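These notes are about the structure you will find just below.
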Amino acid sequence: MPLHHIVYDAKGSCIVIEYVEGQLNIQENPLGVITNKPTFDWHLQNLSNYVNLNPVNIKSSKLGDFEIKATGNEAGLLGLPGDNTSPSRFVRAAFYSHGEVKPAHAKEAVTLAWHIINALDIPEGLVVNEQLGMVVSRDIAYWSVLRDLTNKV
């Protein structure tokens, strides 16, 4: 089965364990995030498509002599993919989990983690699998788990 597992230790180190074409593959995970298929190394390579993403708000840019102005103050990370595919959720997880705000204590960290997890959820009915014109399944995020490895909670 194409299962992908992520393992952390209390110091923050992280690995990904997955079987690729029947072979056990264990890799260090410098980002601490994972989604399902394709493979973890593919997701890391895919991040190079987002090399220009930046959390800093963009005020304007020029196209020839024409000035393009931002529509508001939320232009940081402009171009971040928002669909529910695994690659798009991986990109969002990577950028969201490495934001500028570093929680001061465990309660703040858990609150931030829940916000990130909720931004990656797939609500029932938004991804529908059909076969011969009939709904055969609906993708949904059934559960999420957060662990505080420092406090063992």
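To be explicit about the labels: the chains of the structure tokens are called A, B, and onward in the order shown, and within each one the residues are counted from 1, while ligands get numbers from 1 in the order they are shown.
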
Among range 16-123 of chain A, which ones does DSSP place in helix (DSSP H, G or I), written as a ChimeraX atom specification?
/A:40-50,86-96,106-120

Output C-alpha atoms for every residue in that selection, as a compact mmCIF listing (two decimals), in the first residue's frame.
```
# COMPACT_ATOMS: atom_id res chain seq x y z
CA PHE A 40 8.03 12.68 -0.29
CA ASP A 41 11.03 13.40 -2.54
CA TRP A 42 8.60 14.45 -5.29
CA HIS A 43 6.93 16.92 -2.91
CA LEU A 44 10.31 18.42 -1.97
CA GLN A 45 11.23 18.85 -5.64
CA ASN A 46 7.82 20.39 -6.36
CA LEU A 47 8.57 23.20 -3.88
CA SER A 48 11.00 24.64 -6.44
CA ASN A 49 7.91 25.72 -8.40
CA TYR A 50 7.17 28.11 -5.53
CA SER A 86 -2.05 16.39 -2.09
CA PRO A 87 0.69 18.47 -3.79
CA SER A 88 -1.17 21.73 -3.09
CA ARG A 89 -1.85 20.78 0.52
CA PHE A 90 1.85 19.90 0.96
CA VAL A 91 2.93 23.33 -0.34
CA ARG A 92 0.47 25.08 1.99
CA ALA A 93 1.55 22.93 4.96
CA ALA A 94 5.21 23.69 4.30
CA PHE A 95 4.74 27.45 4.05
CA TYR A 96 2.14 27.75 6.83
CA ALA A 106 2.88 25.09 24.15
CA LYS A 107 -0.66 26.53 24.30
CA GLU A 108 0.15 29.04 21.53
CA ALA A 109 1.85 26.31 19.49
CA VAL A 110 -1.19 24.04 19.70
CA THR A 111 -3.52 26.88 18.68
CA LEU A 112 -1.31 27.72 15.70
CA ALA A 113 -1.07 24.03 14.74
CA TRP A 114 -4.88 23.67 14.76
CA HIS A 115 -5.20 26.72 12.49
CA ILE A 116 -2.72 25.17 10.05
CA ILE A 117 -4.41 21.75 10.17
CA ASN A 118 -7.83 23.33 9.60
CA ALA A 119 -6.48 25.17 6.54
CA LEU A 120 -5.56 21.76 5.07
```

Expressed in Å to a single decimal, how great is the separation between CA of Pro38 in chain A and CA of Lys11 in chain A?
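Here the two named atoms are 27.6 Å from each other.
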
So which bits of range 10-145 of chain A end up strand (DSSP E) when you DSSP the backbone, as a PyMOL selection string?
chain A and resi 14-20+23-28+60-63+66-69+127-131+134-139

Writing out the chosen residues with C-alpha atoms as a compact mmCIF listing (two decimals), in the first residue's frame:
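For reference, again-v6.txt as written:
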```txt
# COMPACT_ATOMS: atom_id res chain seq x y z
CA CYS A 14 11.76 14.25 11.75
CA ILE A 15 11.83 11.42 9.21
CA VAL A 16 9.45 10.12 6.56
CA ILE A 17 8.98 6.38 6.11
CA GLU A 18 7.38 5.14 2.91
CA TYR A 19 7.50 2.25 0.50
CA VAL A 20 8.41 3.27 -3.04
CA GLN A 23 11.30 -0.72 -1.37
CA LEU A 24 11.49 0.77 2.12
CA ASN A 25 12.55 4.41 1.90
CA ILE A 26 13.47 6.46 4.98
CA GLN A 27 14.40 10.12 4.57
CA GLU A 28 15.11 13.02 6.86
CA SER A 60 2.73 46.78 -6.52
CA SER A 61 4.77 45.74 -9.52
CA LYS A 62 5.26 47.02 -13.05
CA LEU A 63 4.38 45.46 -16.36
CA PHE A 66 1.67 49.90 -16.25
CA GLU A 67 1.66 49.70 -12.44
CA ILE A 68 -0.16 46.69 -11.03
CA LYS A 69 -1.41 47.44 -7.52
CA VAL A 127 -13.90 16.26 -3.52
CA VAL A 128 -16.25 13.73 -5.13
CA ASN A 129 -15.13 10.58 -6.92
CA GLU A 130 -17.49 9.40 -9.64
CA GLN A 131 -17.61 6.25 -11.71
CA MET A 134 -22.43 7.77 -9.90
CA VAL A 135 -20.77 8.98 -6.69
CA VAL A 136 -18.55 6.18 -5.41
CA SER A 137 -16.82 8.09 -2.64
CA ARG A 138 -16.20 11.50 -1.15
CA ASP A 139 -12.74 12.43 0.06
```

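Comparing the minimum interatomic distances between His4 in chain A and each of A:Asn29, A:Thr35, A:Ser144, A:Asn57, counting only C-alpha atoms, we find that A:Thr35 sits nearest.
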
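Comparing A:Lys102, A:Val33, A:Ala141, A:Ile58 by their smallest distance to Gly79 in chain A, the closest is A:Ile58 (using only C-alpha atoms).
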
Given the choices A:Gly64, A:Gly32, A:Pro123, A:Gly82, which gets closest to His5 in chain A if the distance is worked out from only C-alpha atoms?
A:Gly32

Would you mind telling me which residue in A:Gly72, A:Gly12, A:Pro30, A:Pro81 lies nearest to Leu53 in chain A when using only C-alpha atoms?
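Nearest to Leu53 in chain A: A:Pro81.
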
Go ahead and compute the interatomic distance for CA of Thr71 in chain A and CA of Asn54 in chain A, in Å to one decimal.
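So the two atoms, CA of Thr71 in chain A and CA of Asn54 in chain A, lie 16.6 Å apart.
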
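Between CA of Pro103 in chain A and CA of Ile140 in chain A the separation is 29.0 Å.
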
Rank nothing, just name the residue among A:Asn84, A:Ser13, A:His105, A:Val56 nearest to Gly125 in chain A, using only C-alpha atoms.
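The shortest atom-to-atom distance to Gly125 in chain A comes from A:Asn84.
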